[in-house]
>>> print(open('structure08.json').read())   # JSON, C-alpha atoms
[["chain", "number", "residue", "atom", "x", "y", "z"],
["A", 106, "MET", "CA", 88.39, 71.56, 116.15],
["A", 107, "PRO", "CA", 85.55, 73.45, 114.37],
["A", 108, "LEU", "CA", 85.79, 77.11, 113.43],
["A", 109, "THR", "CA", 82.63, 77.92, 115.38],
["A", 110, "LYS", "CA", 84.05, 80.65, 117.65],
["A", 111, "ALA", "CA", 86.04, 82.35, 114.89],
["A", 112, "ASN", "CA", 83.05, 82.26, 112.54],
["A", 113, "ASP", "CA", 80.70, 83.62, 115.20],
["A", 114, "ILE", "CA", 83.03, 86.52, 115.97],
["A", 115, "THR", "CA", 83.56, 87.22, 112.27],
["A", 116, "VAL", "CA", 79.83, 87.40, 111.54],
["A", 117, "LYS", "CA", 79.18, 89.62, 114.55],
["A", 118, "ALA", "CA", 82.12, 91.87, 113.70],
["A", 119, "ARG", "CA", 80.98, 92.29, 110.09],
["A", 120, "ASP", "CA", 77.52, 93.35, 111.19],
["A", 121, "ILE", "CA", 78.85, 95.91, 113.67],
["A", 122, "LEU", "CA", 81.54, 97.28, 111.35],
["A", 123, "ALA", "CA", 79.41, 97.59, 108.21],
["A", 124, "PRO", "CA", 77.63, 100.89, 109.10],
["A", 125, "PHE", "CA", 81.05, 102.55, 109.38],
["A", 126, "GLY", "CA", 82.30, 101.22, 106.06],
["A", 127, "LEU", "CA", 84.78, 98.90, 107.75],
["A", 128, "SER", "CA", 85.47, 95.27, 106.84],
["A", 129, "VAL", "CA", 87.07, 92.14, 108.23],
["A", 130, "PHE", "CA", 90.21, 91.12, 106.32],
["A", 131, "GLY", "CA", 91.11, 87.92, 108.12],
["A", 132, "TRP", "CA", 92.43, 86.12, 111.19],
["A", 133, "PHE", "CA", 96.00, 85.49, 112.27],
["A", 134, "VAL", "CA", 97.91, 84.23, 115.31],
["A", 135, "GLU", "CA", 99.97, 86.77, 117.26],
["A", 136, "GLU", "CA", 103.51, 85.96, 118.46],
["A", 137, "ASP", "CA", 102.17, 85.17, 121.93],
["A", 138, "GLY", "CA", 99.60, 82.77, 120.48],
["A", 139, "GLN", "CA", 96.57, 85.04, 120.75],
["A", 140, "ARG", "CA", 94.07, 85.06, 117.92],
["A", 141, "ALA", "CA", 93.54, 88.37, 116.16],
["A", 142, "LEU", "CA", 91.21, 89.79, 113.51],
["A", 143, "LEU", "CA", 92.38, 92.47, 111.05],
["A", 144, "VAL", "CA", 89.95, 95.32, 110.30],
["A", 145, "GLY", "CA", 90.13, 98.02, 107.65],
["A", 146, "ASN", "CA", 88.46, 99.80, 104.76],
["A", 147, "ILE", "CA", 88.17, 98.76, 101.13],
["A", 148, "GLY", "CA", 88.32, 101.67, 98.72],
["A", 149, "SER", "CA", 86.43, 104.67, 100.07],
["A", 150, "SER", "CA", 83.98, 102.51, 102.02],
["A", 151, "LEU", "CA", 84.57, 104.43, 105.26],
["A", 152, "TRP", "CA", 84.46, 107.88, 103.65],
["A", 153, "PRO", "CA", 80.69, 108.60, 103.98],
["A", 154, "SER", "CA", 80.71, 107.77, 107.69],
["A", 155, "PHE", "CA", 83.96, 109.59, 108.39],
["A", 156, "ALA", "CA", 83.10, 112.68, 106.31],
["A", 157, "ALA", "CA", 79.83, 113.06, 108.23],
["A", 158, "SER", "CA", 81.46, 112.67, 111.64],
["A", 159, "LYS", "CA", 82.23, 115.27, 114.29],
["A", 160, "GLU", "CA", 85.91, 114.28, 114.11],
["A", 161, "PHE", "CA", 86.06, 115.29, 110.45],
["A", 162, "HIS", "CA", 84.48, 118.68, 111.10],
["A", 163, "ASP", "CA", 86.03, 119.76, 114.42],
["A", 164, "ASP", "CA", 89.28, 121.06, 112.86],
["A", 165, "GLU", "CA", 91.37, 119.14, 115.38],
["A", 166, "ALA", "CA", 94.44, 117.14, 114.35],
["A", 167, "HIS", "CA", 94.44, 113.42, 113.48],
["A", 168, "SER", "CA", 90.75, 113.34, 112.66],
["A", 169, "LEU", "CA", 90.72, 109.90, 111.00],
["A", 170, "ASP", "CA", 92.71, 108.33, 113.82],
["A", 171, "ARG", "CA", 90.34, 109.81, 116.40],
["A", 172, "TRP", "CA", 87.32, 108.63, 114.37],
["A", 173, "THR", "CA", 88.83, 105.14, 114.27],
["A", 174, "VAL", "CA", 89.41, 105.03, 118.02],
["A", 175, "ALA", "CA", 85.89, 106.32, 118.74],
["A", 176, "ARG", "CA", 84.31, 103.58, 116.60],
["A", 177, "MET", "CA", 86.61, 100.67, 117.29],
["A", 178, "THR", "CA", 86.88, 101.00, 121.08],
["A", 179, "PRO", "CA", 83.21, 100.18, 121.82],
["A", 180, "ILE", "CA", 83.22, 97.53, 119.08],
["A", 181, "ALA", "CA", 86.17, 95.82, 120.78],
["A", 182, "GLU", "CA", 84.32, 95.94, 124.10],
["A", 183, "THR", "CA", 81.25, 94.35, 122.52],
["A", 184, "LEU", "CA", 83.39, 91.57, 121.05],
["A", 185, "GLU", "CA", 85.36, 91.19, 124.31],
["A", 186, "ALA", "CA", 88.61, 91.90, 122.48],
["A", 187, "GLU", "CA", 91.67, 94.09, 122.89],
["A", 188, "VAL", "CA", 92.00, 96.68, 120.14],
["A", 189, "ARG", "CA", 95.27, 97.80, 118.55],
["A", 190, "PHE", "CA", 95.81, 100.65, 116.13],
["A", 191, "PRO", "CA", 98.46, 101.46, 113.49],
["A", 192, "PHE", "CA", 99.09, 104.81, 115.20],
["A", 193, "GLY", "CA", 99.61, 106.17, 118.69],
["A", 194, "GLY", "CA", 102.29, 105.52, 121.27],
["A", 195, "LYS", "CA", 102.71, 101.80, 120.66],
["A", 196, "ILE", "CA", 103.96, 100.83, 117.20],
["A", 197, "TRP", "CA", 102.36, 97.55, 116.16],
["A", 198, "PRO", "CA", 103.60, 95.69, 113.03],
["A", 199, "PHE", "CA", 100.50, 96.18, 110.91],
["A", 200, "GLN", "CA", 102.13, 95.22, 107.61],
["A", 201, "GLN", "CA", 103.16, 91.93, 109.16],
["A", 202, "TYR", "CA", 99.66, 91.51, 110.58],
["A", 203, "ALA", "CA", 98.20, 92.06, 107.12],
["A", 204, "LYS", "CA", 100.54, 89.54, 105.51],
["A", 205, "LEU", "CA", 99.61, 86.93, 108.12],
["A", 206, "ALA", "CA", 95.87, 87.62, 107.88],
["A", 207, "THR", "CA", 95.56, 87.79, 104.10],
["A", 208, "GLY", "CA", 98.69, 86.38, 102.46],
["A", 209, "MET", "CA", 99.26, 89.66, 100.62],
["A", 210, "GLN", "CA", 102.73, 90.72, 99.54],
["A", 211, "GLN", "CA", 104.35, 94.07, 98.87],
["A", 212, "SER", "CA", 104.03, 95.88, 95.57],
["A", 213, "PRO", "CA", 107.08, 97.47, 93.90],
["A", 214, "ILE", "CA", 106.17, 100.79, 95.55],
["A", 215, "GLY", "CA", 106.06, 99.27, 99.02],
["A", 216, "LEU", "CA", 102.32, 99.09, 99.66],
["A", 217, "LEU", "CA", 100.73, 95.69, 100.12],
["A", 218, "VAL", "CA", 98.70, 94.68, 97.08],
["A", 219, "HIS", "CA", 95.47, 92.66, 97.17],
["A", 220, "PRO", "CA", 94.59, 90.46, 94.16],
["A", 221, "LYS", "CA", 91.12, 92.06, 93.97],
["A", 222, "PHE", "CA", 91.36, 95.49, 95.64],
["A", 223, "GLY", "CA", 94.86, 96.31, 94.46],
["A", 224, "LEU", "CA", 96.42, 99.12, 96.49],
["A", 225, "TRP", "CA", 93.07, 100.56, 97.56],
["A", 226, "MET", "CA", 92.61, 99.47, 101.14],
["A", 227, "ALA", "CA", 93.87, 100.47, 104.57],
["A", 228, "PHE", "CA", 94.17, 98.66, 107.86],
["A", 229, "ARG", "CA", 92.57, 100.55, 110.69],
["A", 230, "ALA", "CA", 92.65, 98.19, 113.68],
["A", 231, "VAL", "CA", 93.29, 94.70, 115.01],
["A", 232, "LEU", "CA", 90.99, 92.94, 117.46],
["A", 233, "VAL", "CA", 92.86, 90.51, 119.72],
["A", 234, "VAL", "CA", 90.69, 87.79, 121.24],
["A", 235, "GLU", "CA", 91.79, 85.74, 124.26],
["A", 236, "GLY", "CA", 91.74, 81.96, 124.20],
["A", 237, "GLU", "CA", 92.83, 79.16, 121.95],
["A", 238, "PHE", "CA", 90.45, 78.34, 119.12],
["A", 239, "GLU", "CA", 90.67, 77.33, 115.49],
["A", 240, "ILE", "CA", 90.86, 80.14, 112.93],
["A", 241, "PRO", "CA", 90.62, 80.05, 109.14],
["A", 242, "THR", "CA", 93.89, 79.98, 107.19],
["A", 243, "ALA", "CA", 94.70, 82.90, 104.90],
["A", 244, "GLN", "CA", 94.13, 82.00, 101.25],
["A", 245, "ILE", "CA", 97.45, 82.83, 99.63],
["A", 246, "GLY", "CA", 97.05, 83.28, 95.89],
["A", 247, "ALA", "CA", 99.47, 84.32, 93.18],
["A", 248, "HIS", "CA", 101.16, 87.65, 93.75],
["A", 249, "PRO", "CA", 99.54, 89.97, 91.15],
["A", 250, "CYS", "CA", 102.75, 91.93, 90.61],
["A", 251, "ASP", "CA", 104.53, 88.83, 89.29],
["A", 252, "SER", "CA", 102.41, 88.84, 86.12],
["A", 253, "CYS", "CA", 102.12, 92.61, 85.74],
["A", 254, "GLU", "CA", 103.62, 93.73, 82.44],
["A", 255, "GLY", "CA", 105.63, 96.91, 82.54],
["A", 256, "LYS", "CA", 104.90, 97.62, 86.21],
["A", 257, "PRO", "CA", 103.45, 101.10, 85.51],
["A", 258, "CYS", "CA", 103.58, 102.00, 89.21],
["A", 259, "LEU", "CA", 107.36, 102.36, 88.84],
["A", 260, "SER", "CA", 107.32, 104.58, 85.75],
["A", 261, "THR", "CA", 104.41, 106.96, 86.47],
["A", 262, "CYS", "CA", 105.81, 109.07, 89.30],
["A", 263, "PRO", "CA", 106.80, 112.47, 87.79],
["A", 264, "ILE", "CA", 109.95, 112.66, 89.91],
["A", 265, "GLU", "CA", 110.81, 108.94, 89.87],
["A", 266, "ALA", "CA", 110.56, 108.66, 93.65],
["A", 267, "PHE", "CA", 110.33, 104.85, 93.46],
["A", 268, "THR", "CA", 113.56, 103.11, 92.44],
["A", 269, "ASP", "CA", 115.47, 99.92, 93.21],
["A", 270, "ALA", "CA", 117.15, 101.89, 96.00],
["A", 271, "GLY", "CA", 113.80, 102.46, 97.70],
["A", 272, "TYR", "CA", 111.28, 105.26, 98.11],
["A", 273, "ASP", "CA", 112.60, 108.83, 98.20],
["A", 274, "TYR", "CA", 109.92, 110.23, 100.49],
["A", 275, "LYS", "CA", 111.71, 113.56, 100.98],
["A", 276, "ALA", "CA", 111.70, 114.32, 97.25],
["A", 277, "CYS", "CA", 108.11, 113.10, 97.01],
["A", 278, "LYS", "CA", 106.86, 115.29, 99.82],
["A", 279, "SER", "CA", 108.71, 118.31, 98.50],
["A", 280, "TYR", "CA", 107.21, 117.82, 95.04],
["A", 281, "VAL", "CA", 103.67, 117.28, 96.32],
["A", 282, "LYS", "CA", 103.90, 120.52, 98.29],
["A", 283, "SER", "CA", 105.06, 122.47, 95.24],
["A", 284, "SER", "CA", 102.94, 124.10, 92.52],
["A", 285, "ALA", "CA", 104.08, 121.35, 90.14],
["A", 286, "GLY", "CA", 102.60, 118.70, 92.42],
["A", 287, "THR", "CA", 98.99, 119.88, 92.23],
["A", 288, "ALA", "CA", 97.77, 116.72, 90.47],
["A", 289, "CYS", "CA", 99.31, 114.52, 93.18],
["A", 290, "ARG", "CA", 98.18, 116.75, 96.01],
["A", 291, "GLU", "CA", 94.56, 117.03, 94.88],
["A", 292, "GLY", "CA", 94.06, 113.68, 93.16],
["A", 293, "GLY", "CA", 96.36, 111.30, 95.01],
["A", 294, "CYS", "CA", 99.59, 109.45, 94.28],
["A", 295, "LEU", "CA", 99.96, 108.92, 90.52],
["A", 296, "ALA", "CA", 102.08, 105.79, 91.01],
["A", 297, "ARG", "CA", 99.39, 104.22, 93.17],
["A", 298, "GLN", "CA", 96.72, 105.09, 90.63],
["A", 299, "ALA", "CA", 98.74, 103.50, 87.83],
["A", 300, "CYS", "CA", 98.36, 100.00, 89.29],
["A", 301, "PRO", "CA", 95.95, 98.09, 87.01],
["A", 302, "ILE", "CA", 94.64, 95.93, 89.87],
["A", 303, "GLY", "CA", 91.56, 97.08, 91.77],
["A", 304, "GLN", "CA", 90.72, 100.12, 89.66],
["A", 305, "ASP", "CA", 87.07, 99.83, 90.70],
["A", 306, "TYR", "CA", 88.13, 100.49, 94.29],
["A", 307, "THR", "CA", 90.16, 103.66, 93.71],
["A", 308, "TYR", "CA", 89.63, 106.21, 96.49],
["A", 309, "GLU", "CA", 87.19, 109.05, 95.80],
["A", 310, "LYS", "CA", 88.87, 112.36, 94.96],
["A", 311, "ALA", "CA", 87.99, 113.94, 98.32],
["A", 312, "HIS", "CA", 89.34, 110.87, 100.11],
["A", 313, "GLN", "CA", 92.58, 111.03, 98.12],
["A", 314, "ALA", "CA", 92.99, 114.75, 98.77],
["A", 315, "PHE", "CA", 92.44, 114.24, 102.51],
["A", 316, "HIS", "CA", 95.26, 111.72, 102.75],
["A", 317, "MET", "CA", 97.64, 113.79, 100.64],
["A", 318, "ALA", "CA", 96.97, 116.86, 102.80],
["A", 319, "ALA", "CA", 97.78, 114.79, 105.88],
["A", 320, "TYR", "CA", 100.92, 113.46, 104.17],
["A", 321, "VAL", "CA", 102.39, 116.87, 103.42]]
>>> encode(input="structure08.json", output="structure tokens")
Amino acid sequence: MPLTKANDITVKARDILAPFGLSVFGWFVEEDGQRALLVGNIGSSLWPSFAASKEFHDDEAHSLDRWTVARMTPIAETLEAEVRFPFGGKIWPFQQYAKLATGMQQSPIGLLVHPKFGLWMAFRAVLVVEGEFEIPTAQIGAHPCDSCEGKPCLSTCPIEAFTDAGYDYKACKSYVKSSAGTACREGGCLARQACPIGQDYTYEKAHQAFHMAAYV
């Protein structure tokens, strides 16, 4: 069966998403057999649109989530799709979605790592399309962390929050809030920045600071 429907939806989605700095990451099949398209940002691609939005400037909580809903809801209607978000009342398995759609695997610090974009992307929504139709298969390449010498992401954190035992988020958050954590708070996670993959896609400083402020 040809990929006509999937390709048509992909092209249309790319055109509609582009003005908002959003991109299509790939297709996957949901547990119930429905076809779904993963959407997100690469680097700070969404930052100009978001930073100029009313959601960014209205001083209300969850500004990026609200911006995402406001953009993705009408896009889903145009594409005749159901939209799902990685936030809100229903918890959808977005990391699993991303693995299925792209073939990416986890980095040593827990984030999924892309062979080109590294750790600098985020998944903002999934568009679920009814019907059975052929979709492209995720191109699964070599996991970039397997050939990474020294794994600097594990040795850069000033408080060694990432260990074989997992991620000590309590210690991390406490440090970022403190006067000693200014570099992390204003410039973003040092461990994330240490990854050699995708350095050209590192978030802008204002984008990094926004996420760290939300984190703490």
>>> closest_residue(input="structure08.json", among="A:Lys195, A:Arg119, A:Lys275, A:Lys110", to="Gly145 of chain A", atoms="all atoms listed in the file")
A:Arg119
>>> closest_residue(input="structure08.json", among="A:Thr242, A:Met317, A:Ala156, A:Asp273", to="Ala288 of chain A", atoms="all atoms listed in the file")
A:Met317
>>> closest_atom_pairs(input="structure08.json", of="segment 181-249 of chain A", to="segment 293-296 of chain A", cutoff="12 Å", atoms="all atoms listed in the file", output="tab-separated table")
residue	atom	partner	partner_atom	distance
A:Ser212	CA	A:Ala296	CA	11.1
A:Pro213	CA	A:Ala296	CA	10.1
A:Ile214	CA	A:Ala296	CA	7.9
A:Gly215	CA	A:Ala296	CA	11.1
A:Leu216	CA	A:Ala296	CA	10.9
A:Leu224	CA	A:Ala296	CA	10.3
A:Trp225	CA	A:Cys294	CA	11.5
>>> atom_distance(input="structure08.json", atom1="atom CA of Tyr202 of chain A", atom2="atom CA of Val234 of chain A")
14.4 Å
>>> residues_around(input="structure08.json", residues="Val129 of chain A", least_positions_apart="4", cutoff="10 Å", atoms="only C-alpha atoms", output="list in words")
Thr115, Val116, Ala118, Arg119, Leu122, Ala123, Leu142, Leu143, Val144, Gly145, Asn146, Ile147, Ala206, Phe228, Ala230 and Val231 of chain A
>>> closest_residue(input="structure08.json", among="A:Gly236, A:Gly255, A:Gly286, A:Gly292", to="Asp137 of chain A", atoms="all atoms listed in the file")
A:Gly236
>>> closest_residue(input="structure08.json", among="A:Glu135, A:Glu182, A:Glu254, A:Glu235", to="Ile121 of chain A", atoms="only C-alpha atoms")
A:Glu182
>>> build_atoms(input="structure08.json", residues="segment 110-121 of chain A", atoms="all heavy atoms", output="PDB file, in the coordinates of the input")
ATOM      1  N   LYS A 110      83.825  79.378 116.955  1.00  0.00           N
ATOM      2  CA  LYS A 110      84.050  80.650 117.650  1.00  0.00           C
ATOM      3  C   LYS A 110      84.542  81.722 116.696  1.00  0.00           C
ATOM      4  O   LYS A 110      84.049  82.858 116.712  1.00  0.00           O
ATOM      5  CB  LYS A 110      85.050  80.466 118.795  1.00  0.00           C
ATOM      6  CG  LYS A 110      85.268  81.750 119.606  1.00  0.00           C
ATOM      7  CD  LYS A 110      86.055  81.510 120.868  1.00  0.00           C
ATOM      8  CE  LYS A 110      86.216  82.792 121.669  1.00  0.00           C
ATOM      9  NZ  LYS A 110      86.916  82.593 122.951  1.00  0.00           N
ATOM     10  N   ALA A 111      85.511  81.382 115.853  1.00  0.00           N
ATOM     11  CA  ALA A 111      86.040  82.350 114.890  1.00  0.00           C
ATOM     12  C   ALA A 111      84.943  82.826 113.939  1.00  0.00           C
ATOM     13  O   ALA A 111      84.833  84.024 113.639  1.00  0.00           O
ATOM     14  CB  ALA A 111      87.192  81.737 114.104  1.00  0.00           C
ATOM     15  N   ASN A 112      84.129  81.893 113.463  1.00  0.00           N
ATOM     16  CA  ASN A 112      83.050  82.260 112.540  1.00  0.00           C
ATOM     17  C   ASN A 112      82.019  83.146 113.223  1.00  0.00           C
ATOM     18  O   ASN A 112      81.522  84.119 112.632  1.00  0.00           O
ATOM     19  CB  ASN A 112      82.377  80.997 111.989  1.00  0.00           C
ATOM     20  CG  ASN A 112      83.252  80.264 110.986  1.00  0.00           C
ATOM     21  OD1 ASN A 112      84.174  80.842 110.421  1.00  0.00           O
ATOM     22  ND2 ASN A 112      82.970  78.995 110.779  1.00  0.00           N
ATOM     23  N   ASP A 113      81.677  82.818 114.464  1.00  0.00           N
ATOM     24  CA  ASP A 113      80.700  83.620 115.200  1.00  0.00           C
ATOM     25  C   ASP A 113      81.188  85.048 115.391  1.00  0.00           C
ATOM     26  O   ASP A 113      80.434  86.016 115.210  1.00  0.00           O
ATOM     27  CB  ASP A 113      80.399  82.985 116.557  1.00  0.00           C
ATOM     28  CG  ASP A 113      79.561  81.716 116.448  1.00  0.00           C
ATOM     29  OD1 ASP A 113      79.034  81.451 115.350  1.00  0.00           O
ATOM     30  OD2 ASP A 113      79.452  80.991 117.463  1.00  0.00           O
ATOM     31  N   ILE A 114      82.457  85.176 115.763  1.00  0.00           N
ATOM     32  CA  ILE A 114      83.030  86.520 115.970  1.00  0.00           C
ATOM     33  C   ILE A 114      83.093  87.265 114.651  1.00  0.00           C
ATOM     34  O   ILE A 114      82.795  88.467 114.583  1.00  0.00           O
ATOM     35  CB  ILE A 114      84.428  86.411 116.609  1.00  0.00           C
ATOM     36  CG1 ILE A 114      84.324  85.834 118.024  1.00  0.00           C
ATOM     37  CG2 ILE A 114      85.108  87.779 116.637  1.00  0.00           C
ATOM     38  CD1 ILE A 114      85.670  85.521 118.654  1.00  0.00           C
ATOM     39  N   THR A 115      83.466  86.585 113.586  1.00  0.00           N
ATOM     40  CA  THR A 115      83.560  87.220 112.270  1.00  0.00           C
ATOM     41  C   THR A 115      82.212  87.767 111.825  1.00  0.00           C
ATOM     42  O   THR A 115      82.111  88.923 111.375  1.00  0.00           O
ATOM     43  CB  THR A 115      84.081  86.217 111.224  1.00  0.00           C
ATOM     44  OG1 THR A 115      85.381  85.773 111.603  1.00  0.00           O
ATOM     45  CG2 THR A 115      84.142  86.856 109.844  1.00  0.00           C
ATOM     46  N   VAL A 116      81.174  86.969 111.944  1.00  0.00           N
ATOM     47  CA  VAL A 116      79.830  87.400 111.540  1.00  0.00           C
ATOM     48  C   VAL A 116      79.376  88.599 112.365  1.00  0.00           C
ATOM     49  O   VAL A 116      78.846  89.588 111.831  1.00  0.00           O
ATOM     50  CB  VAL A 116      78.826  86.236 111.673  1.00  0.00           C
ATOM     51  CG1 VAL A 116      77.395  86.743 111.488  1.00  0.00           C
ATOM     52  CG2 VAL A 116      79.136  85.158 110.649  1.00  0.00           C
ATOM     53  N   LYS A 117      79.581  88.522 113.672  1.00  0.00           N
ATOM     54  CA  LYS A 117      79.180  89.620 114.550  1.00  0.00           C
ATOM     55  C   LYS A 117      79.968  90.885 114.242  1.00  0.00           C
ATOM     56  O   LYS A 117      79.401  91.994 114.187  1.00  0.00           O
ATOM     57  CB  LYS A 117      79.382  89.209 116.010  1.00  0.00           C
ATOM     58  CG  LYS A 117      78.764  90.177 117.017  1.00  0.00           C
ATOM     59  CD  LYS A 117      78.840  89.603 118.431  1.00  0.00           C
ATOM     60  CE  LYS A 117      78.155  90.526 119.431  1.00  0.00           C
ATOM     61  NZ  LYS A 117      78.192  89.968 120.803  1.00  0.00           N
ATOM     62  N   ALA A 118      81.278  90.723 114.012  1.00  0.00           N
ATOM     63  CA  ALA A 118      82.120  91.870 113.700  1.00  0.00           C
ATOM     64  C   ALA A 118      81.691  92.530 112.394  1.00  0.00           C
ATOM     65  O   ALA A 118      81.608  93.767 112.296  1.00  0.00           O
ATOM     66  CB  ALA A 118      83.578  91.442 113.619  1.00  0.00           C
ATOM     67  N   ARG A 119      81.408  91.732 111.381  1.00  0.00           N
ATOM     68  CA  ARG A 119      80.980  92.290 110.090  1.00  0.00           C
ATOM     69  C   ARG A 119      79.716  93.122 110.237  1.00  0.00           C
ATOM     70  O   ARG A 119      79.604  94.212 109.662  1.00  0.00           O
ATOM     71  CB  ARG A 119      80.749  91.153 109.091  1.00  0.00           C
ATOM     72  CG  ARG A 119      82.023  90.572 108.508  1.00  0.00           C
ATOM     73  CD  ARG A 119      81.715  89.360 107.639  1.00  0.00           C
ATOM     74  NE  ARG A 119      82.930  88.856 107.005  1.00  0.00           N
ATOM     75  CZ  ARG A 119      83.052  87.642 106.492  1.00  0.00           C
ATOM     76  NH1 ARG A 119      82.015  86.780 106.542  1.00  0.00           N
ATOM     77  NH2 ARG A 119      84.184  87.250 105.925  1.00  0.00           N
ATOM     78  N   ASP A 120      78.774  92.630 111.003  1.00  0.00           N
ATOM     79  CA  ASP A 120      77.520  93.350 111.190  1.00  0.00           C
ATOM     80  C   ASP A 120      77.736  94.673 111.899  1.00  0.00           C
ATOM     81  O   ASP A 120      77.114  95.692 111.554  1.00  0.00           O
ATOM     82  CB  ASP A 120      76.531  92.489 111.989  1.00  0.00           C
ATOM     83  CG  ASP A 120      76.000  91.306 111.193  1.00  0.00           C
ATOM     84  OD1 ASP A 120      76.130  91.312 109.956  1.00  0.00           O
ATOM     85  OD2 ASP A 120      75.458  90.376 111.821  1.00  0.00           O
ATOM     86  N   ILE A 121      78.602  94.680 112.905  1.00  0.00           N
ATOM     87  CA  ILE A 121      78.850  95.910 113.670  1.00  0.00           C
ATOM     88  C   ILE A 121      79.684  96.905 112.874  1.00  0.00           C
ATOM     89  O   ILE A 121      79.471  98.117 112.945  1.00  0.00           O
ATOM     90  CB  ILE A 121      79.565  95.570 114.998  1.00  0.00           C
ATOM     91  CG1 ILE A 121      78.717  94.621 115.849  1.00  0.00           C
ATOM     92  CG2 ILE A 121      79.859  96.842 115.786  1.00  0.00           C
ATOM     93  CD1 ILE A 121      79.433  94.103 117.089  1.00  0.00           C
TER      94      ILE A 121
END
